[in-house]
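Visitor: Below is the file target02.txt, which contains compact mmCIF, C-alpha atoms and all ligand atoms.
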```txt
# COMPACT_ATOMS: atom_id res chain seq x y z
CA MET W 5 -35.01 5.70 -90.45
CA LYS W 6 -38.78 5.92 -90.28
CA LEU W 7 -40.37 4.92 -86.96
CA GLU W 8 -41.47 1.40 -87.99
CA THR W 9 -37.94 0.62 -89.29
CA LEU W 10 -36.28 2.11 -86.22
CA ALA W 11 -38.51 0.07 -83.90
CA ILE W 12 -37.34 -3.15 -85.58
CA HIS W 13 -33.67 -2.41 -86.26
CA GLY W 14 -32.83 0.10 -83.52
CA GLY W 15 -32.95 -2.45 -80.69
CA ASN W 16 -30.47 -4.95 -82.04
CA ILE W 17 -26.77 -4.51 -81.36
CA VAL W 18 -25.12 -7.82 -82.31
CA SER W 19 -21.53 -9.08 -82.33
CA ASP W 20 -19.53 -8.92 -85.55
CA THR W 21 -18.08 -12.38 -85.12
CA GLU W 22 -21.13 -14.57 -84.50
CA LYS W 23 -23.69 -12.40 -86.31
CA PRO W 24 -26.91 -13.59 -84.68
CA VAL W 25 -29.97 -11.89 -86.18
CA VAL W 26 -31.35 -11.11 -82.73
CA GLN W 27 -29.21 -9.72 -79.90
CA PRO W 28 -28.56 -12.41 -77.25
CA ILE W 29 -29.39 -11.91 -73.58
CA THR W 30 -26.28 -11.19 -71.49
CA LEU W 31 -26.96 -12.41 -67.97
CA SER W 32 -23.46 -11.88 -66.58
CA THR W 33 -23.42 -9.36 -63.72
CA THR W 34 -19.74 -8.59 -64.19
CA PHE W 35 -17.34 -8.05 -67.08
CA VAL W 36 -13.61 -8.75 -67.51
CA HIS W 37 -11.64 -5.56 -66.85
CA GLN W 38 -10.44 -4.05 -70.10
CA PRO W 39 -10.38 -0.55 -71.53
CA GLU W 40 -13.86 0.66 -72.66
CA SER W 41 -15.66 -2.46 -71.37
CA MET W 42 -18.76 -2.55 -69.22
CA ILE W 43 -17.92 -3.13 -65.57
CA TYR W 44 -20.90 -4.22 -63.51
CA ALA W 45 -24.55 -4.85 -64.34
CA ARG W 46 -26.05 -2.18 -62.09
CA ALA W 47 -24.03 0.43 -64.01
CA ASN W 48 -24.67 -1.07 -67.46
CA ASN W 49 -25.46 -4.20 -69.38
CA PRO W 50 -25.51 -4.83 -73.16
CA ASN W 51 -29.29 -5.40 -73.29
CA ARG W 52 -30.00 -2.29 -71.24
CA HIS W 53 -27.56 -0.31 -73.36
CA THR W 54 -29.41 -1.36 -76.51
CA LEU W 55 -32.82 -0.60 -74.99
CA GLU W 56 -31.67 2.87 -73.89
CA LYS W 57 -30.27 3.64 -77.36
CA LEU W 58 -33.56 2.54 -78.89
CA LEU W 59 -35.69 4.60 -76.49
CA ALA W 60 -33.55 7.71 -77.05
CA ALA W 61 -33.89 7.32 -80.82
CA LEU W 62 -37.66 6.73 -80.69
CA GLU W 63 -38.22 9.83 -78.54
CA LYS W 64 -35.66 11.94 -80.49
CA GLY W 65 -33.60 12.50 -77.34
CA ALA W 66 -29.87 12.57 -76.59
CA ASP W 67 -29.90 9.70 -74.08
CA ALA W 68 -32.24 7.43 -72.11
CA ALA W 69 -32.22 5.64 -68.75
CA ALA W 70 -34.17 2.43 -68.22
CA PHE W 71 -35.69 1.61 -64.81
CA SER W 72 -37.35 -1.33 -63.11
CA SER W 73 -40.77 0.41 -63.18
CA GLY W 74 -42.46 3.57 -64.37
CA ASN W 75 -42.66 4.79 -60.80
CA ALA W 76 -38.90 4.24 -60.31
CA ALA W 77 -38.35 6.40 -63.42
CA GLY W 78 -40.62 9.18 -62.14
CA VAL W 79 -39.26 9.10 -58.60
CA SER W 80 -35.70 9.37 -60.00
CA VAL W 81 -36.60 12.75 -61.50
CA PHE W 82 -37.88 13.97 -58.12
CA GLN W 83 -34.78 12.56 -56.38
CA SER W 84 -32.58 14.56 -58.76
CA LEU W 85 -34.00 17.87 -57.47
CA GLU W 86 -32.33 19.82 -54.67
CA PRO W 87 -34.20 19.66 -51.33
CA GLY W 88 -36.57 22.63 -51.04
CA SER W 89 -37.39 22.65 -54.75
CA HIS W 90 -40.95 23.26 -55.85
CA ILE W 91 -42.77 21.13 -58.44
CA ILE W 92 -45.90 21.99 -60.44
CA ALA W 93 -47.82 18.82 -61.32
CA PRO W 94 -51.28 17.98 -62.70
CA ASP W 95 -54.14 17.61 -60.21
CA ASP W 96 -55.02 14.33 -61.97
CA MET W 97 -51.39 13.11 -62.08
CA TYR W 98 -50.97 9.30 -62.25
CA HIS W 99 -52.02 8.40 -58.69
CA GLY W 100 -48.92 6.30 -57.93
CA LEU W 101 -46.57 9.20 -58.67
CA LYS W 102 -48.77 11.72 -56.89
CA ASN W 103 -48.71 9.47 -53.82
CA ALA W 104 -44.91 9.17 -54.11
CA ILE W 105 -44.49 12.97 -54.06
CA LEU W 106 -46.83 13.32 -51.10
CA SER W 107 -45.33 10.50 -49.04
CA ILE W 108 -41.63 9.94 -49.91
CA PHE W 109 -40.82 13.62 -50.53
CA LYS W 110 -42.94 15.07 -47.73
CA GLY W 111 -40.90 17.85 -46.09
CA VAL W 112 -38.23 17.61 -48.82
CA LEU W 113 -39.96 18.90 -51.96
CA GLU W 114 -42.95 21.21 -52.31
CA CYS W 115 -45.61 20.50 -54.89
CA THR W 116 -48.59 22.42 -56.24
CA PHE W 117 -51.16 20.33 -58.09
CA VAL W 118 -53.02 22.30 -60.77
CA ASP W 119 -55.37 21.77 -63.67
CA MET W 120 -52.74 21.73 -66.46
CA THR W 121 -55.36 22.47 -69.09
CA ASP W 122 -55.77 25.96 -67.56
CA LEU W 123 -52.60 27.88 -68.52
CA ASP W 124 -53.42 30.83 -66.26
CA LYS W 125 -53.50 28.49 -63.27
CA VAL W 126 -50.18 26.96 -64.34
CA GLU W 127 -48.59 30.40 -64.65
CA GLN W 128 -49.92 31.47 -61.24
CA ALA W 129 -48.49 28.34 -59.61
CA PHE W 130 -44.85 29.28 -60.29
CA GLN W 131 -42.73 30.20 -57.28
CA PRO W 132 -39.11 31.44 -57.14
CA ASN W 133 -38.03 27.87 -56.23
CA THR W 134 -40.03 26.10 -58.98
CA LYS W 135 -37.55 23.73 -60.60
CA LEU W 136 -39.79 21.19 -62.32
CA VAL W 137 -43.07 21.22 -64.20
CA TRP W 138 -44.60 17.79 -64.75
CA VAL W 139 -47.24 17.11 -67.37
CA GLU W 140 -49.04 13.94 -68.31
CA THR W 141 -50.94 14.02 -71.59
CA PRO W 142 -53.33 12.41 -72.33
CA SER W 143 -53.80 11.88 -68.60
CA ASN W 144 -54.75 8.75 -66.70
CA PRO W 145 -57.72 8.13 -66.41
CA LEU W 146 -59.54 11.33 -67.48
CA LEU W 147 -57.70 11.71 -70.81
CA LYS W 148 -57.14 15.41 -70.20
CA VAL W 149 -54.94 17.00 -72.85
CA THR W 150 -52.20 19.49 -71.93
CA ASP W 151 -50.67 21.85 -74.47
CA ILE W 152 -47.04 20.73 -74.18
CA THR W 153 -45.56 23.63 -76.19
CA ALA W 154 -47.46 26.26 -74.18
CA VAL W 155 -46.38 24.78 -70.83
CA ALA W 156 -42.81 24.32 -72.14
CA ASN W 157 -42.67 28.03 -72.98
CA LEU W 158 -43.86 28.97 -69.48
CA ALA W 159 -41.33 26.60 -67.88
CA LYS W 160 -38.50 28.00 -70.00
CA VAL W 161 -39.28 31.62 -69.05
CA MET W 162 -39.37 30.62 -65.38
CA GLY W 163 -36.16 28.56 -65.57
CA ALA W 164 -37.81 25.21 -64.74
CA ILE W 165 -37.41 21.81 -66.36
CA LEU W 166 -40.42 20.38 -68.18
CA ALA W 167 -40.98 16.62 -67.85
CA CYS W 168 -43.75 14.83 -69.71
CA ASP W 169 -45.25 11.44 -68.87
CA ASN W 170 -45.77 10.10 -72.41
CA THR W 171 -47.06 6.66 -71.38
CA PHE W 172 -50.51 7.02 -72.99
CA ALA W 173 -49.36 8.50 -76.31
CA THR W 174 -46.05 6.65 -76.82
CA PRO W 175 -43.50 8.05 -79.32
CA VAL W 176 -45.65 6.57 -82.07
CA PHE W 177 -48.22 9.33 -81.56
CA GLN W 178 -46.39 12.12 -79.70
CA ASN W 179 -42.81 13.35 -79.27
CA PRO W 180 -42.75 15.68 -76.25
CA ILE W 181 -39.09 16.59 -76.86
CA SER W 182 -39.97 17.97 -80.31
CA LEU W 183 -42.72 19.98 -78.59
CA GLY W 184 -40.34 21.54 -76.03
CA ALA W 185 -40.08 19.05 -73.14
CA ASP W 186 -36.68 18.46 -71.48
CA ILE W 187 -37.41 14.99 -70.09
CA VAL W 188 -39.84 12.30 -71.24
CA MET W 189 -41.04 9.60 -68.85
CA HIS W 190 -42.63 6.24 -69.66
CA SER W 191 -44.13 3.34 -67.85
CA SER W 192 -42.80 0.66 -70.22
CA THR W 193 -45.11 -1.73 -68.37
CA LYS W 194 -47.87 -0.41 -70.63
CA TYR W 195 -47.61 -0.05 -74.43
CA PHE W 196 -43.85 -0.62 -74.78
CA GLY W 197 -44.16 -4.04 -73.13
CA GLY W 198 -47.58 -4.45 -74.71
CA HIS W 199 -48.34 -7.95 -73.38
CA SER W 200 -48.95 -7.33 -69.65
CA ASP W 201 -45.84 -9.31 -68.69
CA ILE W 202 -43.00 -6.80 -68.14
CA LEU W 203 -42.66 -4.15 -65.44
CA GLY W 204 -40.46 -1.26 -66.51
CA GLY W 205 -39.94 2.45 -66.86
CA ALA W 206 -37.82 4.92 -68.77
CA LEU W 207 -36.59 8.49 -68.92
CA ILE W 208 -35.35 10.17 -72.08
CA THR W 209 -33.50 13.49 -72.09
CA LYS W 210 -33.37 16.20 -74.70
CA GLU W 211 -29.81 17.20 -73.74
CA LEU W 212 -26.81 15.79 -71.92
CA ASP W 213 -26.93 18.49 -69.26
CA GLU W 214 -26.17 18.73 -65.55
CA PHE W 215 -29.67 17.59 -64.54
CA TRP W 216 -29.34 14.46 -66.67
CA GLU W 217 -26.05 13.63 -64.93
CA LYS W 218 -27.96 13.68 -61.64
CA VAL W 219 -30.70 11.46 -63.08
CA LYS W 220 -28.11 8.94 -64.33
CA ASN W 221 -26.49 8.97 -60.90
CA VAL W 222 -29.85 8.19 -59.26
CA GLN W 223 -30.37 5.38 -61.78
CA ILE W 224 -26.97 3.79 -61.20
CA SER W 225 -26.39 4.56 -57.52
CA GLY W 226 -30.05 4.14 -56.58
CA GLY W 227 -30.00 0.89 -58.54
CA ALA W 228 -33.67 0.58 -59.59
CA VAL W 229 -32.54 -0.89 -62.91
CA PRO W 230 -34.29 -3.48 -65.09
CA SER W 231 -32.91 -6.99 -65.58
CA PRO W 232 -31.25 -8.07 -68.85
CA MET W 233 -34.30 -10.31 -69.50
CA ASP W 234 -36.70 -7.38 -69.11
CA CYS W 235 -34.57 -5.22 -71.40
CA TYR W 236 -34.47 -7.99 -73.99
CA TYR W 237 -38.24 -8.45 -73.88
CA LEU W 238 -38.82 -4.72 -74.17
CA CYS W 239 -36.64 -4.48 -77.28
CA ARG W 240 -38.57 -7.44 -78.68
CA SER W 241 -41.96 -5.89 -77.90
CA ILE W 242 -41.05 -2.46 -79.26
CA LYS W 243 -40.53 -4.02 -82.71
CA THR W 244 -44.33 -4.27 -83.04
CA LEU W 245 -45.16 -1.06 -81.11
CA PRO W 246 -46.00 1.10 -84.17
CA TYR W 247 -48.46 -1.48 -85.54
CA ARG W 248 -49.97 -2.27 -82.15
CA MET W 249 -50.54 1.44 -81.50
CA LYS W 250 -52.29 1.88 -84.84
CA GLY W 251 -54.62 -1.01 -83.96
CA HIS W 252 -55.29 0.24 -80.41
CA ALA W 253 -56.10 3.76 -81.65
CA GLU W 254 -58.34 2.55 -84.48
CA HIS W 255 -60.36 0.36 -82.10
CA ALA W 256 -60.50 3.06 -79.42
CA MET W 257 -61.89 5.65 -81.85
CA VAL W 258 -64.71 3.31 -82.96
CA LEU W 259 -65.51 2.27 -79.37
CA ALA W 260 -65.55 5.93 -78.23
CA ASN W 261 -67.99 6.83 -81.02
CA PHE W 262 -70.17 3.82 -80.18
CA LEU W 263 -70.26 4.70 -76.46
CA SER W 264 -70.98 8.38 -77.08
CA THR W 265 -74.25 7.56 -78.85
CA HIS W 266 -75.36 4.94 -76.28
CA ASP W 267 -78.32 5.65 -73.95
CA ALA W 268 -76.70 3.89 -70.97
CA VAL W 269 -73.64 6.16 -71.12
CA GLU W 270 -73.46 9.52 -69.36
CA LYS W 271 -70.14 10.81 -70.70
CA VAL W 272 -67.20 9.60 -72.81
CA TYR W 273 -63.61 10.76 -72.44
CA TYR W 274 -61.47 10.29 -75.57
CA PRO W 275 -59.34 13.03 -77.17
CA GLY W 276 -60.29 11.80 -80.64
CA LEU W 277 -63.90 12.89 -80.11
CA LYS W 278 -64.67 16.39 -81.43
CA SER W 279 -66.67 16.99 -78.24
CA HIS W 280 -63.54 16.47 -76.07
CA PRO W 281 -62.34 19.85 -74.69
CA GLY W 282 -58.72 19.02 -75.62
CA HIS W 283 -59.48 17.70 -79.09
CA MET W 284 -57.90 20.57 -81.05
CA ILE W 285 -54.72 20.57 -78.95
CA ALA W 286 -54.47 16.79 -79.24
CA ALA W 287 -54.96 17.00 -83.01
CA ASN W 288 -52.08 19.50 -83.14
CA GLN W 289 -49.54 17.70 -80.99
CA MET W 290 -50.45 14.03 -81.56
CA SER W 291 -50.60 12.04 -84.79
CA SER W 292 -53.39 9.85 -83.35
CA PHE W 293 -55.33 9.75 -80.09
CA GLY W 294 -54.23 6.58 -78.33
CA GLY W 295 -55.86 3.41 -77.10
CA VAL W 296 -57.51 4.34 -73.79
CA VAL W 297 -61.17 5.37 -73.52
CA SER W 298 -62.90 6.28 -70.25
CA PHE W 299 -66.63 6.63 -69.79
CA GLN W 300 -69.22 7.20 -67.10
CA VAL W 301 -72.34 5.06 -67.08
CA ASN W 302 -75.75 6.41 -66.12
CA GLY W 303 -75.97 5.44 -62.45
CA GLY W 304 -73.45 4.86 -59.70
CA ALA W 305 -70.55 2.56 -58.90
CA ASP W 306 -72.95 -0.44 -58.68
CA VAL W 307 -74.09 0.03 -62.29
CA ALA W 308 -70.50 0.41 -63.48
CA ASP W 309 -69.49 -2.77 -61.61
CA ARG W 310 -72.43 -4.67 -63.14
CA VAL W 311 -71.47 -3.63 -66.70
CA ILE W 312 -67.88 -4.75 -66.10
CA SER W 313 -69.00 -8.11 -64.67
CA LYS W 314 -71.08 -8.89 -67.79
CA LEU W 315 -68.18 -8.46 -70.24
CA LYS W 316 -66.58 -11.57 -71.76
CA TYR W 317 -63.51 -10.23 -73.56
CA TYR W 318 -62.55 -7.19 -71.51
CA ILE W 319 -60.66 -8.42 -68.45
CA ASN W 320 -61.46 -6.70 -65.15
CA ALA W 321 -57.93 -5.77 -64.12
CA THR W 322 -55.84 -2.67 -63.60
CA SER W 323 -53.07 -1.54 -65.98
CA LEU W 324 -53.29 -0.87 -69.70
CA GLY W 325 -51.44 -1.12 -72.98
CA GLY W 326 -51.58 -4.91 -73.47
CA VAL W 327 -52.90 -6.70 -76.54
CA GLU W 328 -55.81 -7.92 -74.39
CA SER W 329 -58.56 -5.43 -73.55
CA LEU W 330 -58.48 -4.47 -69.86
CA ILE W 331 -61.26 -2.68 -68.03
CA GLU W 332 -61.73 -1.37 -64.52
CA ARG W 333 -63.80 0.94 -62.41
CA ARG W 334 -60.92 3.29 -61.89
CA ALA W 335 -61.91 4.98 -58.61
CA ALA W 336 -61.81 1.57 -56.90
CA SER W 337 -58.09 1.26 -57.78
CA GLU W 338 -57.18 4.83 -56.84
CA GLY W 339 -58.39 4.71 -53.23
CA PRO W 340 -60.61 6.97 -51.08
CA ASP W 341 -58.91 10.33 -51.94
CA THR W 342 -59.46 10.04 -55.68
CA LEU W 343 -61.04 12.82 -57.77
CA THR W 344 -62.10 10.24 -60.39
CA PRO W 345 -65.92 9.84 -60.58
CA GLN W 346 -67.15 6.63 -58.91
CA ASN W 347 -69.07 5.53 -62.04
CA LEU W 348 -66.10 6.00 -64.38
CA ILE W 349 -64.91 2.96 -66.32
CA ARG W 350 -61.48 3.00 -67.94
CA VAL W 351 -60.95 0.79 -70.97
CA SER W 352 -57.58 -0.14 -72.41
CA VAL W 353 -58.85 -1.12 -75.84
CA GLY W 354 -57.05 -4.24 -77.05
CA LEU W 355 -56.33 -5.88 -80.35
CA GLU W 356 -59.11 -8.50 -80.35
CA HIS W 357 -61.42 -8.26 -83.38
CA LEU W 358 -63.23 -4.93 -83.30
CA TYR W 359 -66.66 -6.51 -83.82
CA ASP W 360 -66.17 -8.86 -80.86
CA LEU W 361 -65.27 -5.85 -78.70
CA LEU W 362 -68.29 -3.84 -79.87
CA ASP W 363 -70.76 -6.77 -79.51
CA ASP W 364 -69.46 -7.59 -76.07
CA MET W 365 -69.84 -3.96 -74.92
CA GLU W 366 -73.30 -3.65 -76.44
CA ASN W 367 -74.47 -6.79 -74.55
CA ALA W 368 -73.00 -5.60 -71.26
CA LEU W 369 -74.68 -2.18 -71.51
CA LYS W 370 -78.15 -3.69 -72.11
C1 LIG O 401 -48.70 2.88 -64.99
C2 LIG O 401 -48.35 4.31 -65.09
C3 LIG O 401 -47.28 4.83 -64.36
C4 LIG O 401 -46.46 4.00 -63.38
O1 LIG O 401 -45.76 2.97 -64.01
P1 LIG O 401 -45.41 1.55 -63.31
O2 LIG O 401 -44.70 0.84 -64.41
O3 LIG O 401 -46.69 0.95 -62.89
O4 LIG O 401 -44.54 1.85 -62.15
C5 LIG O 401 -46.97 6.18 -64.54
N1 LIG O 401 -47.69 6.96 -65.36
C6 LIG O 401 -48.74 6.49 -66.08
C7 LIG O 401 -49.48 7.41 -66.97
C8 LIG O 401 -49.10 5.16 -65.96
O5 LIG O 401 -50.16 4.70 -66.64
```
Could you spell out this file's structure in structure tokens?

Guide:
Amino acid sequence: MKLETLAIHGGNIVSDTEKPVVQPITLSTTFVHQPESMIYARANNPNRHTLEKLLAALEKGADAAAFSSGNAAGVSVFQSLEPGSHIIAPDDMYHGLKNAILSIFKGVLECTFVDMTDLDKVEQAFQPNTKLVWVETPSNPLLKVTDITAVANLAKVMGAILACDNTFATPVFQNPISLGADIVMHSSTKYFGGHSDILGGALITKELDEFWEKVKNVQISGGAVPSPMDCYYLCRSIKTLPYRMKGHAEHAMVLANFLSTHDAVEKVYYPGLKSHPGHMIAANQMSSFGGVVSFQVNGGADVADRVISKLKYYINATSLGGVESLIERRAASEGPDTLTPQNLIRVSVGLEHLYDLLDDMENALK
């Protein structure tokens, strides 16, 4: 099946007797004991089962685990490591996961944060106890691009697992498993959900190995699982994911070009721009460049805040991946320790009419 067909038909396991066109929501928390049946909703549920099959197929993996948030998915990978393990992670890692490593796993796991775009630095960061390398590409919010295959090769030589946060690219534009990753992570809150109304996360594995057994145990015993309703809505949203992503990426490319020629703009971050340092790598490993554009205005945080306040269609809110355009001054959301420039604005480019988005931005930058 091609991706668009899989997205529509892969998330629909229906009963042979009633033959509904769309899989019903099964709310029951428990199931009558019989051979082969599901037992209890924390362990499995028909809607979650379908969602996990769909996610595994979309990411070309052997299995998937759905979680109640992207952070729950990421933290489950860290929880599956032996105490004393060392992680290599990006210095601009999604701030919520970076904070989780530094707070929850303090004294339990070691972590070195490096610039993943510098392969020498990545290589130097390995220690005898390095068990996991984490990449996020394109990264949030600086849109840095990491060469997944190159880092996968390093990880393999050193005997570490490579996990890739694929939230920004989605399987529509990038398949980390095909590029050498062992685990793919998603915040399904973003493009999978696509309408800013579902919180969710996912992990997909390349192989059914020992590490995956540990991850599944954390999912089921830890219990940070999504509800049947959330799983249903995710399967529903994923049906339009390929077309939404095409629209997001098309709009983002035009907006990035517009911003990069504007006098009020200091710098634009979008991997689709030839001037982006990761452009060639992105062009190699992605089929398109995604729907998030970041830019710095000329001036400080006050100028950035003023631009945002003048916009009509871009909503000043955190998060990304919805059909509505969202915008925020990112450093304000990341807290005092952030490395993100204070005048950096992150845009999740939505599916409103492109001309409305461009006009609105032009007016706000005046
Ligand atoms: C939002 C996000 C997360 C965390 O996901 P939640 O669903 O908010 O828990 C992780 N990584 C990236 C890149 C994200 O954008």

Visitor: List as a list in words the protein and nucleic acid residues lying within 6 Å of ligand LIG 401 (chain O), with all atoms listed in the file counted.

Guide: Ser73, Gly74, Asn75, Tyr98, Asn144, Thr171, Ser191, Thr193, Leu203, Gly204 and Gly205 of chain W

Visitor: Show me, as a PyMOL selection string, the residues that have an atom within 9 Å of Met233 (chain W) when counting all atoms listed in the file, minus same-chain residues fewer than 2 positions from it.

Guide: chain W and resi 29-31+51+230-231+235-238

Visitor: Show me, as a list in words, the residues that have an atom within 9 Å of Val296 (chain W) when counting only C-alpha atoms, minus same-chain residues fewer than 2 positions from it.

Guide: Asn144, Pro145, Leu147, Phe172, His252, Ala253, Ala256, Tyr273, Tyr274, Phe293, Gly294, Ser298, Leu324, Gly325, Arg350, Val351, Ser352 and Val353 of chain W

Visitor: Report the distance between CA of Ala305 (chain W) and CA of Ser337 (chain W) in Å, rounded to one decimal place.

Guide: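 That distance, rounded to one decimal, is 12.6 Å.
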
Visitor: Extract, using all atoms listed in the file, all DNA, RNA and protein residues at most 9 Å from Ala129 (chain W), discarding same-chain residues fewer than 6 positions from it, and format them as a ChimeraX atom specification.

Guide: /W:92,116-118

Visitor: Skipping near chain neighbours, those fewer than 2 positions away, what residues fall within 7 Å of Leu348 (chain W) using all atoms listed in the file, listed as a PyMOL selection string?

Guide: chain W and resi 298-301+333-334+345-346+350

Visitor: Keeping only C-alpha atoms, write those residues as a JSON list (two decimals), in the frame of the given file.

Guide:
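Okay, this is what ended up in selection26.json:
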```
[["chain", "number", "residue", "atom", "x", "y", "z"],
["W", 298, "SER", "CA", -62.90, 6.28, -70.25],
["W", 299, "PHE", "CA", -66.63, 6.63, -69.79],
["W", 300, "GLN", "CA", -69.22, 7.20, -67.10],
["W", 301, "VAL", "CA", -72.34, 5.06, -67.08],
["W", 333, "ARG", "CA", -63.80, 0.94, -62.41],
["W", 334, "ARG", "CA", -60.92, 3.29, -61.89],
["W", 345, "PRO", "CA", -65.92, 9.84, -60.58],
["W", 346, "GLN", "CA", -67.15, 6.63, -58.91],
["W", 350, "ARG", "CA", -61.48, 3.00, -67.94]]
```

Visitor: Using all atoms listed in the file, pick whichever of W:Leu212, W:Leu355, W:Ile12, W:Ile108 has the shortest atom-to-atom distance to Val26 (chain W).

Guide: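 Of W:Leu212, W:Leu355, W:Ile12, W:Ile108, the one nearest Val26 (chain W), counting all atoms listed in the file, is W:Ile12.
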
Visitor: Of the candidates W:Lys102, W:Arg310, W:His13, W:Lys271, which one gets nearest to Glu332 (chain W) if we count only C-alpha atoms?

Guide: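 Of all the options, W:Arg310 lies closest to Glu332 (chain W).
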
Visitor: Find the residues around Leu7 (chain W) up to 8 Å (all atoms listed in the file counted), leave out those fewer than 5 positions away in its own chain, and share them as an mmCIF file with C-alpha atoms, in the coordinates of the input.

Guide:
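Result file part14.cif:
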```
data_model
loop_
_atom_site.group_PDB
_atom_site.id
_atom_site.type_symbol
_atom_site.label_atom_id
_atom_site.label_comp_id
_atom_site.auth_asym_id
_atom_site.auth_seq_id
_atom_site.Cartn_x
_atom_site.Cartn_y
_atom_site.Cartn_z
ATOM 1 C CA LEU W 62 -37.660 6.730 -80.690
ATOM 2 C CA VAL W 176 -45.650 6.570 -82.070
ATOM 3 C CA PRO W 246 -46.000 1.100 -84.170
#
```

Visitor: Which residue out of W:Lys210, W:His99, W:Lys148, W:His280 has the minimum interatomic distance to Gly65 (chain W) when all atoms listed in the file are used?

Guide: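 Of the candidates, the smallest distance to Gly65 (chain W) is held by W:Lys210.
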
Visitor: Pick from W:Asn49, W:Ser200, W:Gln27, W:Thr153: nearest to Ile319 (chain W), with all atoms listed in the file counted?

Guide: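 When distances to Ile319 (chain W) are compared using all atoms listed in the file, the smallest one comes from W:Ser200.
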
Visitor: Using all atoms listed in the file, pick whichever of W:Ile43, W:Ala76, W:Leu183, W:Val112 has the shortest atom-to-atom distance to Ser89 (chain W).

Guide: W:Val112

Visitor: Using all atoms listed in the file, can you tell me which of W:Ala268, W:Val18, W:Met290, W:Val25 comes closest to Val311 (chain W)?

Guide: W:Ala268
